[in-house]
Amino acid sequence: MATFLYRLGRWAFRRRGYVALMWVAVLAFVGLSALQAPGASDEEFSMPGIESQKAFDLMQERFPGAAADGADARVVFVAPDGQKVTASETRAAIEETVAALGDGSQVAGVADPFEARAVSKDGSTAYATVTYKVKSAEVTDASRTAVEKAADQARDAGLTVELGGSAMDSGGGPGGVAEIIGVSVAALVLLITFGSLAAAGLPLLTAVLGVGVSIFTIMLLAEPLGLSSTTMTLAMMLGLAVGIDYALFVVSRYREERAKGRAPQEAAGLAVGTAGSAVVFAGLTVVIALAGLMVVGIPMLTEMGLAAAGAVVVAVLIALTVVPAFLGFWPEAVLSKAARGKGRRGRVLPFKKAKPSKEATTFRTSQAPQPATTATLAQSADSDENGGTRWARLVLRRPLPVLLLGVLGLGALAIPMTQLQLGMPGDEAKPTSTSERRAYDALADGFGPGFNGPLTIVVDAKGAADPKAAVSTISEKIAGTKGIVSVAEPHFNEAGDTAVFSATPSTSPTDEKTKTLVKTIRDERPATEATADGVSFEVTGTTALNIDIAEKVQAALVPYLITIVGLAIVLLLVVFRSVLVPLKAALGFLLSVLAALGAVVLVFQQGHAASLFGVDQTGPIMSLMPIFLVGIVFGLAMDYEVFLVSRMREAYVHGESAKQAVVSGFRHSARVVAAAALIMVAVFAGFIGEEGAMIKMIGFGLAIAVLLDAFVVRMAIVPAVLSLLGDRAWWLPKWLDRILPRVDVEGEALSLRPADAVAPGPASDPDPTLDEPVEARV
């Protein structure tokens, strides 16, 4: 692996013009194609295997077209205090508004509130429903403006008018302030880390290139694959974060090799061969976690996961090819001012590193200090103290207290996770400054809290002798269930063998009592169906669908965890050739993800410090959010594990003791890992400002999870555990060592580079040994 990537890095450095031209051509091709492609399809949300979806599918079968109607807008009228909407002047104003709502080429019809019995019992509230010929994504701004103008007419008459419904949601997507904030903070962190504008700008430039290719590709495939704007936003979020981080690690290693006196082309090859190997395996863990979302069985999650995984793959390819190519264009610019000034005068002589003993790669039986080797002597030339080494030594002096403090702290933060409530917040979760939220509240006040989330009962009466009588019996039984306040008249299909009616609960859609009510109706179904021979019924509707989704996600969480953790442990076993290091990595991830979910519950469900993050309304956590958070955080957690621990193993296999290897790993990686984590936190935190509830919640969850995983788990718990384990951390049974493939992530083959690898000469000079095996040049 390392040798192949070393060759790739040198090739990209030498053929930088071709590499840059190739990626620009790819960007231009997918960009132009995406601009000409149709927009994303607005397919109905699908959730195979749950009762709500089965009922919905039955409705589509028995009521062709009815279950897949276009968008709708709901106009809510509230009379002035002490008055009623049925008063003559008020009614006339509402009817005039309803007539105006019917204008427009996209409007299919308007339901008059007085004819549709859409007036509250106290007469204070009424609503009109506008249906459209197109779906919500296709409703034009002109159609929305027409609704707002009609509403203004009623407001001029003294009525309070609020607007809701899918047609009034203009949607969201990438391209907002969030990305600008994230990139700006990332640029500042990179500038502080590298002390060079070019070094700070290169990861940003390559990350933007990768995100551009990913987003345009998703746009190109959106219509045939049914991808949504949320999918695009998530791909941008992850692509930007990992794109910057992966380029950051390669550039950092390049600067390190240049500081040792390597020629620019050789330094680029070694950077891709070593740091690039870590990038490949880190990216692979993220892809595994995202692609593993397929096991959940939710099509939307599968699409989002695969699209985001594609963005990660592009980021890895960019880091391995474009970054060394750009280093070829500006080999000196990415160095610090001091390094550029030192030039060749500061070059150190390379040491030919000794081949590590067999014991160094398996299990050491002695804890005694290892004899000094040329590798350790070379290391001592670069042993200046920095913040990473000082922190590592502090942890190594008190590993047990650090471990206990980290575990107990994360455990305490994870406690609120036990009170996690899942749901799919709707308009009630929006700020009160929005018309949709005020319309929701007005309907709840006028018609009861359950009005915004009625249950839909689908009755299959094909086997009934008298379908109408059987459906009437079912309707009466459900109406008598405790918690149901009203039941609408059944609506039959043309064949007369299927009926649909709504049942309004007494509690709001997100109330736990509503969840209990749905369960009660389903549990009592055998007895209810027995009263009407030959019929069966199912419960669906938005409220029941959200309840079913939450239950399915909870049931899928454990199998999903087993799948991704199992695959990642196998992958890390190959990378680190150790049994305990992958297990430690997985347990550390569980700590950080549970703590992150606990923080999400604290803010978004319980409301602690909610105002600081722009959360106007607390409520249940988005059903899909925990499992998606688990997948993404797992991949990112393994990123830092690979980057940090691979440098420790590199030092260990080159002859250092177990504890000194931890210090060496922190000397080379701590600063860069910290910078990478801060960049990811900045990118994810920027999405907290998005309007979409799911994106806001995911942005917060990812930001806090990366913060905890990088700085508590990887920077504190990991070195403490490795210190306590000592050489046992790198133990691998001999039988397992024989069957595991060797991928050489540490670049062991590259450590045997000859002295002429640093021979002076222009960076652009041809390399006649490029195609020789590394061993042939030793």
# chains A, B, ... in the order shown; residues from 1 in each chain; ligands from 1
>>> residues_around(residues="range 50-64 of chain A", least_positions_apart="6", cutoff="10 Å", atoms="only C-alpha atoms", output="JSON, numbers by chain")
{"A": [456, 457, 458, 459, 460, 492, 493, 494, 495, 496, 497, 498, 499, 500, 522, 537, 538, 539, 540, 541, 542, 543, 544, 545, 546, 547, 548, 549, 551, 552]}
>>> write_last_selection(atoms="N, CA and C atoms", output="JSON list (two decimals), in the first residue's frame")
[["chain", "number", "residue", "atom", "x", "y", "z"],
["A", 456, "THR", "N", -55.12, 8.16, 10.30],
["A", 456, "THR", "CA", -55.86, 7.73, 9.11],
["A", 456, "THR", "C", -56.09, 6.23, 9.20],
["A", 457, "ILE", "N", -57.36, 5.85, 9.17],
["A", 457, "ILE", "CA", -57.73, 4.43, 9.26],
["A", 457, "ILE", "C", -58.11, 3.94, 7.87],
["A", 458, "VAL", "N", -57.41, 2.92, 7.39],
["A", 458, "VAL", "CA", -57.70, 2.34, 6.07],
["A", 458, "VAL", "C", -58.35, 0.98, 6.30],
["A", 459, "VAL", "N", -59.60, 0.83, 5.84],
["A", 459, "VAL", "CA", -60.38, -0.39, 6.07],
["A", 459, "VAL", "C", -60.49, -1.17, 4.76],
["A", 460, "ASP", "N", -60.02, -2.41, 4.78],
["A", 460, "ASP", "CA", -60.14, -3.30, 3.62],
["A", 460, "ASP", "C", -61.38, -4.15, 3.84],
["A", 492, "PHE", "N", -65.34, 6.04, 0.62],
["A", 492, "PHE", "CA", -65.15, 4.78, -0.08],
["A", 492, "PHE", "C", -64.53, 5.01, -1.46],
["A", 493, "ASN", "N", -63.82, 4.02, -1.94],
["A", 493, "ASN", "CA", -63.31, 4.06, -3.30],
["A", 493, "ASN", "C", -64.42, 3.71, -4.28],
["A", 494, "GLU", "N", -64.12, 3.79, -5.57],
["A", 494, "GLU", "CA", -65.14, 3.54, -6.59],
["A", 494, "GLU", "C", -65.68, 2.12, -6.52],
["A", 495, "ALA", "N", -64.83, 1.17, -6.21],
["A", 495, "ALA", "CA", -65.27, -0.22, -6.13],
["A", 495, "ALA", "C", -66.10, -0.50, -4.89],
["A", 496, "GLY", "N", -66.05, 0.40, -3.92],
["A", 496, "GLY", "CA", -66.84, 0.24, -2.71],
["A", 496, "GLY", "C", -66.31, -0.83, -1.76],
["A", 497, "ASP", "N", -65.08, -1.27, -1.96],
["A", 497, "ASP", "CA", -64.55, -2.33, -1.09],
["A", 497, "ASP", "C", -63.47, -1.84, -0.13],
["A", 498, "THR", "N", -63.17, -0.54, -0.17],
["A", 498, "THR", "CA", -62.15, 0.02, 0.71],
["A", 498, "THR", "C", -62.61, 1.40, 1.17],
["A", 499, "ALA", "N", -62.38, 1.68, 2.44],
["A", 499, "ALA", "CA", -62.78, 2.98, 3.00],
["A", 499, "ALA", "C", -61.64, 3.59, 3.78],
["A", 500, "VAL", "N", -61.66, 4.90, 3.82],
["A", 500, "VAL", "CA", -60.66, 5.66, 4.59],
["A", 500, "VAL", "C", -61.40, 6.68, 5.43],
["A", 522, "ARG", "N", -54.10, -0.64, 17.78],
["A", 522, "ARG", "CA", -53.57, -1.81, 17.08],
["A", 522, "ARG", "C", -53.67, -3.07, 17.93],
["A", 537, "PHE", "N", -58.34, -3.64, 9.11],
["A", 537, "PHE", "CA", -57.97, -2.23, 9.00],
["A", 537, "PHE", "C", -56.54, -2.03, 9.49],
["A", 538, "GLU", "N", -55.96, -0.92, 9.04],
["A", 538, "GLU", "CA", -54.62, -0.53, 9.44],
["A", 538, "GLU", "C", -54.60, 0.95, 9.74],
["A", 539, "VAL", "N", -53.69, 1.35, 10.61],
["A", 539, "VAL", "CA", -53.57, 2.75, 11.05],
["A", 539, "VAL", "C", -52.37, 3.39, 10.37],
["A", 540, "THR", "N", -52.58, 4.51, 9.73],
["A", 540, "THR", "CA", -51.49, 5.24, 9.07],
["A", 540, "THR", "C", -51.70, 6.74, 9.31],
["A", 541, "GLY", "N", -51.17, 7.55, 8.43],
["A", 541, "GLY", "CA", -51.17, 8.99, 8.65],
["A", 541, "GLY", "C", -49.80, 9.44, 9.14],
["A", 542, "THR", "N", -49.57, 10.73, 9.09],
["A", 542, "THR", "CA", -48.26, 11.26, 9.47],
["A", 542, "THR", "C", -47.88, 10.90, 10.89],
["A", 543, "THR", "N", -48.82, 11.01, 11.81],
["A", 543, "THR", "CA", -48.53, 10.71, 13.21],
["A", 543, "THR", "C", -48.15, 9.25, 13.40],
["A", 544, "ALA", "N", -48.95, 8.34, 12.87],
["A", 544, "ALA", "CA", -48.64, 6.92, 12.99],
["A", 544, "ALA", "C", -47.35, 6.57, 12.25],
["A", 545, "LEU", "N", -47.11, 7.22, 11.12],
["A", 545, "LEU", "CA", -45.89, 6.96, 10.37],
["A", 545, "LEU", "C", -44.66, 7.34, 11.20],
["A", 546, "ASN", "N", -44.71, 8.49, 11.84],
["A", 546, "ASN", "CA", -43.59, 8.93, 12.67],
["A", 546, "ASN", "C", -43.35, 7.97, 13.83],
["A", 547, "ILE", "N", -44.42, 7.47, 14.41],
["A", 547, "ILE", "CA", -44.29, 6.51, 15.52],
["A", 547, "ILE", "C", -43.64, 5.22, 15.02],
["A", 548, "ASP", "N", -44.07, 4.74, 13.86],
["A", 548, "ASP", "CA", -43.51, 3.51, 13.30],
["A", 548, "ASP", "C", -42.04, 3.68, 12.92],
["A", 549, "ILE", "N", -41.70, 4.86, 12.40],
["A", 549, "ILE", "CA", -40.30, 5.11, 12.03],
["A", 549, "ILE", "C", -39.41, 5.05, 13.26],
["A", 551, "GLU", "N", -39.86, 3.46, 16.04],
["A", 551, "GLU", "CA", -39.71, 2.08, 16.51],
["A", 551, "GLU", "C", -38.77, 1.29, 15.60],
["A", 552, "LYS", "N", -38.86, 1.51, 14.29],
["A", 552, "LYS", "CA", -37.99, 0.77, 13.38],
["A", 552, "LYS", "C", -36.54, 1.19, 13.55]]
>>> residues_around(residues="Leu335 in chain A", least_positions_apart="6", cutoff="12 Å", atoms="only C-alpha atoms", output="PDB file with N, CA, C and O atoms, in the first residue's frame")
ATOM      1  N   LEU A 191      -4.323  28.519   9.096  1.00  0.00           N
ATOM      2  CA  LEU A 191      -3.308  29.574   9.087  1.00  0.00           C
ATOM      3  C   LEU A 191      -2.495  29.555  10.379  1.00  0.00           C
ATOM      4  O   LEU A 191      -1.261  29.679  10.368  1.00  0.00           O
ATOM      5  N   THR A 193      -2.129  26.934  12.332  1.00  0.00           N
ATOM      6  CA  THR A 193      -1.391  25.664  12.385  1.00  0.00           C
ATOM      7  C   THR A 193      -0.144  25.695  11.529  1.00  0.00           C
ATOM      8  O   THR A 193       0.938  25.279  11.955  1.00  0.00           O
ATOM      9  N   PHE A 194      -0.249  26.205  10.299  1.00  0.00           N
ATOM     10  CA  PHE A 194       0.863  26.144   9.362  1.00  0.00           C
ATOM     11  C   PHE A 194       1.708  27.409   9.323  1.00  0.00           C
ATOM     12  O   PHE A 194       2.872  27.362   8.934  1.00  0.00           O
ATOM     13  N   GLY A 195       1.120  28.545   9.674  1.00  0.00           N
ATOM     14  CA  GLY A 195       1.869  29.792   9.586  1.00  0.00           C
ATOM     15  C   GLY A 195       2.196  30.182   8.168  1.00  0.00           C
ATOM     16  O   GLY A 195       3.176  30.891   7.912  1.00  0.00           O
ATOM     17  N   SER A 196       1.412  29.720   7.215  1.00  0.00           N
ATOM     18  CA  SER A 196       1.655  30.009   5.806  1.00  0.00           C
ATOM     19  C   SER A 196       0.313  30.105   5.092  1.00  0.00           C
ATOM     20  O   SER A 196      -0.532  29.221   5.224  1.00  0.00           O
ATOM     21  N   LEU A 197       0.136  31.180   4.329  1.00  0.00           N
ATOM     22  CA  LEU A 197      -1.115  31.348   3.603  1.00  0.00           C
ATOM     23  C   LEU A 197      -1.296  30.248   2.558  1.00  0.00           C
ATOM     24  O   LEU A 197      -2.399  29.736   2.375  1.00  0.00           O
ATOM     25  N   ALA A 198      -0.205  29.879   1.880  1.00  0.00           N
ATOM     26  CA  ALA A 198      -0.311  28.840   0.856  1.00  0.00           C
ATOM     27  C   ALA A 198      -0.665  27.497   1.480  1.00  0.00           C
ATOM     28  O   ALA A 198      -1.506  26.752   0.956  1.00  0.00           O
ATOM     29  N   ALA A 199      -0.006  27.166   2.605  1.00  0.00           N
ATOM     30  CA  ALA A 199      -0.300  25.890   3.260  1.00  0.00           C
ATOM     31  C   ALA A 199      -1.717  25.857   3.798  1.00  0.00           C
ATOM     32  O   ALA A 199      -2.355  24.799   3.830  1.00  0.00           O
ATOM     33  N   ALA A 200      -2.224  27.003   4.253  1.00  0.00           N
ATOM     34  CA  ALA A 200      -3.596  27.068   4.749  1.00  0.00           C
ATOM     35  C   ALA A 200      -4.598  27.020   3.602  1.00  0.00           C
ATOM     36  O   ALA A 200      -5.677  26.437   3.719  1.00  0.00           O
ATOM     37  N   LEU A 202      -4.174  25.646   0.516  1.00  0.00           N
ATOM     38  CA  LEU A 202      -4.187  24.443  -0.317  1.00  0.00           C
ATOM     39  C   LEU A 202      -5.253  23.442   0.122  1.00  0.00           C
ATOM     40  O   LEU A 202      -6.020  22.953  -0.721  1.00  0.00           O
ATOM     41  N   VAL A 251      -0.336  17.488   3.590  1.00  0.00           N
ATOM     42  CA  VAL A 251       0.510  18.690   3.568  1.00  0.00           C
ATOM     43  C   VAL A 251       1.407  18.733   4.804  1.00  0.00           C
ATOM     44  O   VAL A 251       2.595  19.080   4.718  1.00  0.00           O
ATOM     45  N   SER A 252       0.849  18.373   5.944  1.00  0.00           N
ATOM     46  CA  SER A 252       1.631  18.371   7.167  1.00  0.00           C
ATOM     47  C   SER A 252       2.804  17.397   7.078  1.00  0.00           C
ATOM     48  O   SER A 252       3.935  17.713   7.472  1.00  0.00           O
ATOM     49  N   ARG A 253       2.570  16.191   6.537  1.00  0.00           N
ATOM     50  CA  ARG A 253       3.645  15.218   6.400  1.00  0.00           C
ATOM     51  C   ARG A 253       4.677  15.685   5.374  1.00  0.00           C
ATOM     52  O   ARG A 253       5.888  15.453   5.524  1.00  0.00           O
ATOM     53  N   TYR A 254       4.224  16.357   4.330  1.00  0.00           N
ATOM     54  CA  TYR A 254       5.154  16.908   3.336  1.00  0.00           C
ATOM     55  C   TYR A 254       6.100  17.912   3.987  1.00  0.00           C
ATOM     56  O   TYR A 254       7.325  17.877   3.763  1.00  0.00           O
ATOM     57  N   ARG A 255       5.554  18.800   4.801  1.00  0.00           N
ATOM     58  CA  ARG A 255       6.391  19.784   5.502  1.00  0.00           C
ATOM     59  C   ARG A 255       7.373  19.099   6.448  1.00  0.00           C
ATOM     60  O   ARG A 255       8.519  19.529   6.594  1.00  0.00           O
ATOM     61  N   GLU A 256       6.905  18.031   7.068  1.00  0.00           N
ATOM     62  CA  GLU A 256       7.780  17.290   7.983  1.00  0.00           C
ATOM     63  C   GLU A 256       8.942  16.653   7.225  1.00  0.00           C
ATOM     64  O   GLU A 256      10.106  16.704   7.682  1.00  0.00           O
ATOM     65  N   GLU A 257       8.646  16.054   6.062  1.00  0.00           N
ATOM     66  CA  GLU A 257       9.713  15.436   5.275  1.00  0.00           C
ATOM     67  C   GLU A 257      10.665  16.483   4.712  1.00  0.00           C
ATOM     68  O   GLU A 257      11.883  16.243   4.618  1.00  0.00           O
ATOM     69  N   ARG A 258      10.161  17.627   4.338  1.00  0.00           N
ATOM     70  CA  ARG A 258      11.031  18.701   3.856  1.00  0.00           C
ATOM     71  C   ARG A 258      11.943  19.196   4.968  1.00  0.00           C
ATOM     72  O   ARG A 258      13.106  19.547   4.726  1.00  0.00           O
ATOM     73  N   ALA A 259      11.432  19.218   6.204  1.00  0.00           N
ATOM     74  CA  ALA A 259      12.253  19.640   7.328  1.00  0.00           C
ATOM     75  C   ALA A 259      13.410  18.676   7.576  1.00  0.00           C
ATOM     76  O   ALA A 259      14.443  19.056   8.147  1.00  0.00           O
ATOM     77  N   PRO A 264      11.774  18.101  -2.780  1.00  0.00           N
ATOM     78  CA  PRO A 264      10.311  18.281  -2.853  1.00  0.00           C
ATOM     79  C   PRO A 264       9.562  17.078  -3.425  1.00  0.00           C
ATOM     80  O   PRO A 264       8.560  16.649  -2.873  1.00  0.00           O
ATOM     81  N   LEU A 327       1.381  20.617  -4.700  1.00  0.00           N
ATOM     82  CA  LEU A 327       2.693  20.773  -4.065  1.00  0.00           C
ATOM     83  C   LEU A 327       3.784  20.885  -5.124  1.00  0.00           C
ATOM     84  O   LEU A 327       4.813  21.535  -4.898  1.00  0.00           O
ATOM     85  N   GLY A 341      13.324  30.276   4.555  1.00  0.00           N
ATOM     86  CA  GLY A 341      14.562  31.034   4.725  1.00  0.00           C
ATOM     87  C   GLY A 341      15.753  30.148   4.958  1.00  0.00           C
ATOM     88  O   GLY A 341      16.860  30.416   4.499  1.00  0.00           O
ATOM     89  N   LYS A 342      15.536  29.058   5.649  1.00  0.00           N
ATOM     90  CA  LYS A 342      16.641  28.140   5.931  1.00  0.00           C
ATOM     91  C   LYS A 342      17.134  27.475   4.654  1.00  0.00           C
ATOM     92  O   LYS A 342      18.328  27.273   4.456  1.00  0.00           O
ATOM     93  N   GLY A 343      16.166  27.119   3.762  1.00  0.00           N
ATOM     94  CA  GLY A 343      16.507  26.503   2.492  1.00  0.00           C
ATOM     95  C   GLY A 343      17.307  25.235   2.666  1.00  0.00           C
ATOM     96  O   GLY A 343      17.129  24.478   3.590  1.00  0.00           O
TER      97      GLY A 343
END
>>> closest_residue(among="A:Ala291, A:Leu443, A:Asp103, A:Gly261", to="Val161 in chain A", atoms="only C-alpha atoms")
A:Leu443
>>> residues_around(residues="Leu725 in chain A", least_positions_apart="2", cutoff="12 Å", atoms="only C-alpha atoms", output="PyMOL selection string")
chain A and resi 363-364+367+396+399-400+579-581+584+658-659+662+718-723+727-731
>>> closest_residue(among="A:Ala412, A:Ala685, A:Ile695, A:Val30", to="Thr233 in chain A", atoms="only C-alpha atoms")
A:Ile695
>>> closest_residue(among="A:Ala247, A:Val183, A:Val706, A:Gly273", to="Thr3 in chain A", atoms="only C-alpha atoms")
A:Gly273
>>> select_by_dssp(residues="range 405-480 of chain A", states="strand (DSSP E or B)", output="MDAnalysis selection string")
chainID A and resid 422:423 455:460
>>> residues_around(residues="range 134-145 of chain A", least_positions_apart="3", cutoff="6 Å", atoms="only C-alpha atoms", output="PyMOL selection string")
chain A and resi 70-71+148+166-167
>>> write_last_selection(atoms="N, CA, C and O atoms", output="tab-separated table (two decimals), in the first residue's frame")
chain	number	residue	atom	x	y	z
A	70	GLY	N	-50.93	16.41	-5.20
A	70	GLY	CA	-49.92	17.46	-5.17
A	70	GLY	C	-49.82	18.13	-3.82
A	70	GLY	O	-50.37	17.69	-2.82
A	71	ALA	N	-49.10	19.27	-3.83
A	71	ALA	CA	-48.87	20.02	-2.61
A	71	ALA	C	-50.17	20.67	-2.13
A	71	ALA	O	-51.17	20.74	-2.86
A	148	GLU	N	-50.05	34.57	-0.36
A	148	GLU	CA	-49.76	35.62	0.62
A	148	GLU	C	-50.56	36.90	0.34
A	148	GLU	O	-51.03	37.56	1.28
A	166	SER	N	-47.48	22.10	2.88
A	166	SER	CA	-46.25	21.77	2.16
A	166	SER	C	-45.94	22.75	1.04
A	166	SER	O	-44.78	22.96	0.71
A	167	ALA	N	-46.96	23.37	0.46
A	167	ALA	CA	-46.72	24.28	-0.65
A	167	ALA	C	-46.01	25.55	-0.21
A	167	ALA	O	-45.33	26.19	-1.01
>>> residues_around(residues="Ala157 in chain A", least_positions_apart="5", cutoff="9 Å", atoms="only C-alpha atoms", output="list in words")
Glu89, Thr90, Ala93 and Asp152 of chain A
>>> write_last_selection(atoms="N, CA, C and O atoms", output="JSON list (two decimals), in the first residue's frame")
[["chain", "number", "residue", "atom", "x", "y", "z"],
["A", 89, "GLU", "N", -69.89, 40.00, 8.04],
["A", 89, "GLU", "CA", -68.80, 40.73, 7.42],
["A", 89, "GLU", "C", -67.53, 39.87, 7.39],
["A", 89, "GLU", "O", -66.79, 39.86, 6.39],
["A", 90, "THR", "N", -67.29, 39.15, 8.48],
["A", 90, "THR", "CA", -66.10, 38.30, 8.54],
["A", 90, "THR", "C", -66.20, 37.17, 7.53],
["A", 90, "THR", "O", -65.23, 36.85, 6.83],
["A", 93, "ALA", "N", -65.48, 38.39, 4.05],
["A", 93, "ALA", "CA", -64.05, 38.60, 3.82],
["A", 93, "ALA", "C", -63.33, 37.28, 3.56],
["A", 93, "ALA", "O", -62.45, 37.18, 2.70],
["A", 152, "ASP", "N", -53.38, 38.69, 2.73],
["A", 152, "ASP", "CA", -53.34, 40.11, 3.11],
["A", 152, "ASP", "C", -54.71, 40.76, 3.00],
["A", 152, "ASP", "O", -55.04, 41.68, 3.77]]
>>> atom_distance(atom1="CA of Ala682 in chain A", atom2="CA of Ala596 in chain A")
16.0 Å
>>> residues_around(residues="Ala128 in chain A", least_positions_apart="2", cutoff="7 Å", atoms="only C-alpha atoms", output="mmCIF file with N, CA, C and O atoms, in the first residue's frame")
data_model
loop_
_atom_site.group_PDB
_atom_site.id
_atom_site.type_symbol
_atom_site.label_atom_id
_atom_site.label_comp_id
_atom_site.auth_asym_id
_atom_site.auth_seq_id
_atom_site.Cartn_x
_atom_site.Cartn_y
_atom_site.Cartn_z
ATOM 1 N N ARG A 74 -52.432 25.559 3.606
ATOM 2 C CA ARG A 74 -53.527 25.724 4.552
ATOM 3 C C ARG A 74 -53.542 27.170 5.037
ATOM 4 O O ARG A 74 -52.537 27.664 5.562
ATOM 5 N N VAL A 75 -54.672 27.831 4.827
ATOM 6 C CA VAL A 75 -54.835 29.225 5.229
ATOM 7 C C VAL A 75 -55.758 29.255 6.444
ATOM 8 O O VAL A 75 -56.932 28.870 6.353
ATOM 9 N N VAL A 76 -55.238 29.685 7.569
ATOM 10 C CA VAL A 76 -55.967 29.661 8.840
ATOM 11 C C VAL A 76 -56.468 31.072 9.147
ATOM 12 O O VAL A 76 -55.688 32.026 9.179
ATOM 13 N N VAL A 110 -59.840 24.777 -4.186
ATOM 14 C CA VAL A 110 -59.822 25.371 -2.842
ATOM 15 C C VAL A 110 -61.055 24.882 -2.098
ATOM 16 O O VAL A 110 -62.176 24.941 -2.623
ATOM 17 N N ALA A 111 -60.861 24.406 -0.874
ATOM 18 C CA ALA A 111 -61.975 23.941 -0.046
ATOM 19 C C ALA A 111 -62.469 25.098 0.806
ATOM 20 O O ALA A 111 -61.744 25.599 1.677
ATOM 21 N N ASP A 112 -63.675 25.534 0.545
ATOM 22 C CA ASP A 112 -64.287 26.619 1.327
ATOM 23 C C ASP A 112 -64.533 26.112 2.756
ATOM 24 O O ASP A 112 -65.149 25.058 2.947
ATOM 25 N N PRO A 113 -64.066 26.832 3.776
ATOM 26 C CA PRO A 113 -64.209 26.341 5.158
ATOM 27 C C PRO A 113 -65.661 26.163 5.593
ATOM 28 O O PRO A 113 -65.959 25.276 6.405
ATOM 29 N N VAL A 130 -55.887 24.787 0.096
ATOM 30 C CA VAL A 130 -55.620 24.966 -1.328
ATOM 31 C C VAL A 130 -54.808 23.761 -1.799
ATOM 32 O O VAL A 130 -53.746 23.459 -1.235
#
>>> select_by_dssp(residues="range 529-686 of chain A", states="helix (DSSP H, G or I)", output="PyMOL selection string")
chain A and resi 529-530+542-576+580-605+610-613+625-653+658-686
>>> closest_residue(among="A:Ile181, A:Ala151, A:Leu27, A:Ala37", to="Val208 in chain A", atoms="only C-alpha atoms")
A:Leu27
>>> residues_around(residues="Phe576 in chain A", least_positions_apart="2", cutoff="10 Å", atoms="only C-alpha atoms", output="PyMOL selection string")
chain A and resi 361+571-574+578-582+642+645-646+648-650+730+732+742-746
>>> closest_residue(among="A:Gly158, A:Ile621, A:Gln36, A:Val600", to="Val85 in chain A", atoms="only C-alpha atoms")
A:Gly158
>>> atom_distance(atom1="CA of Arg437 in chain A", atom2="CA of Lys84 in chain A")
22.2 Å
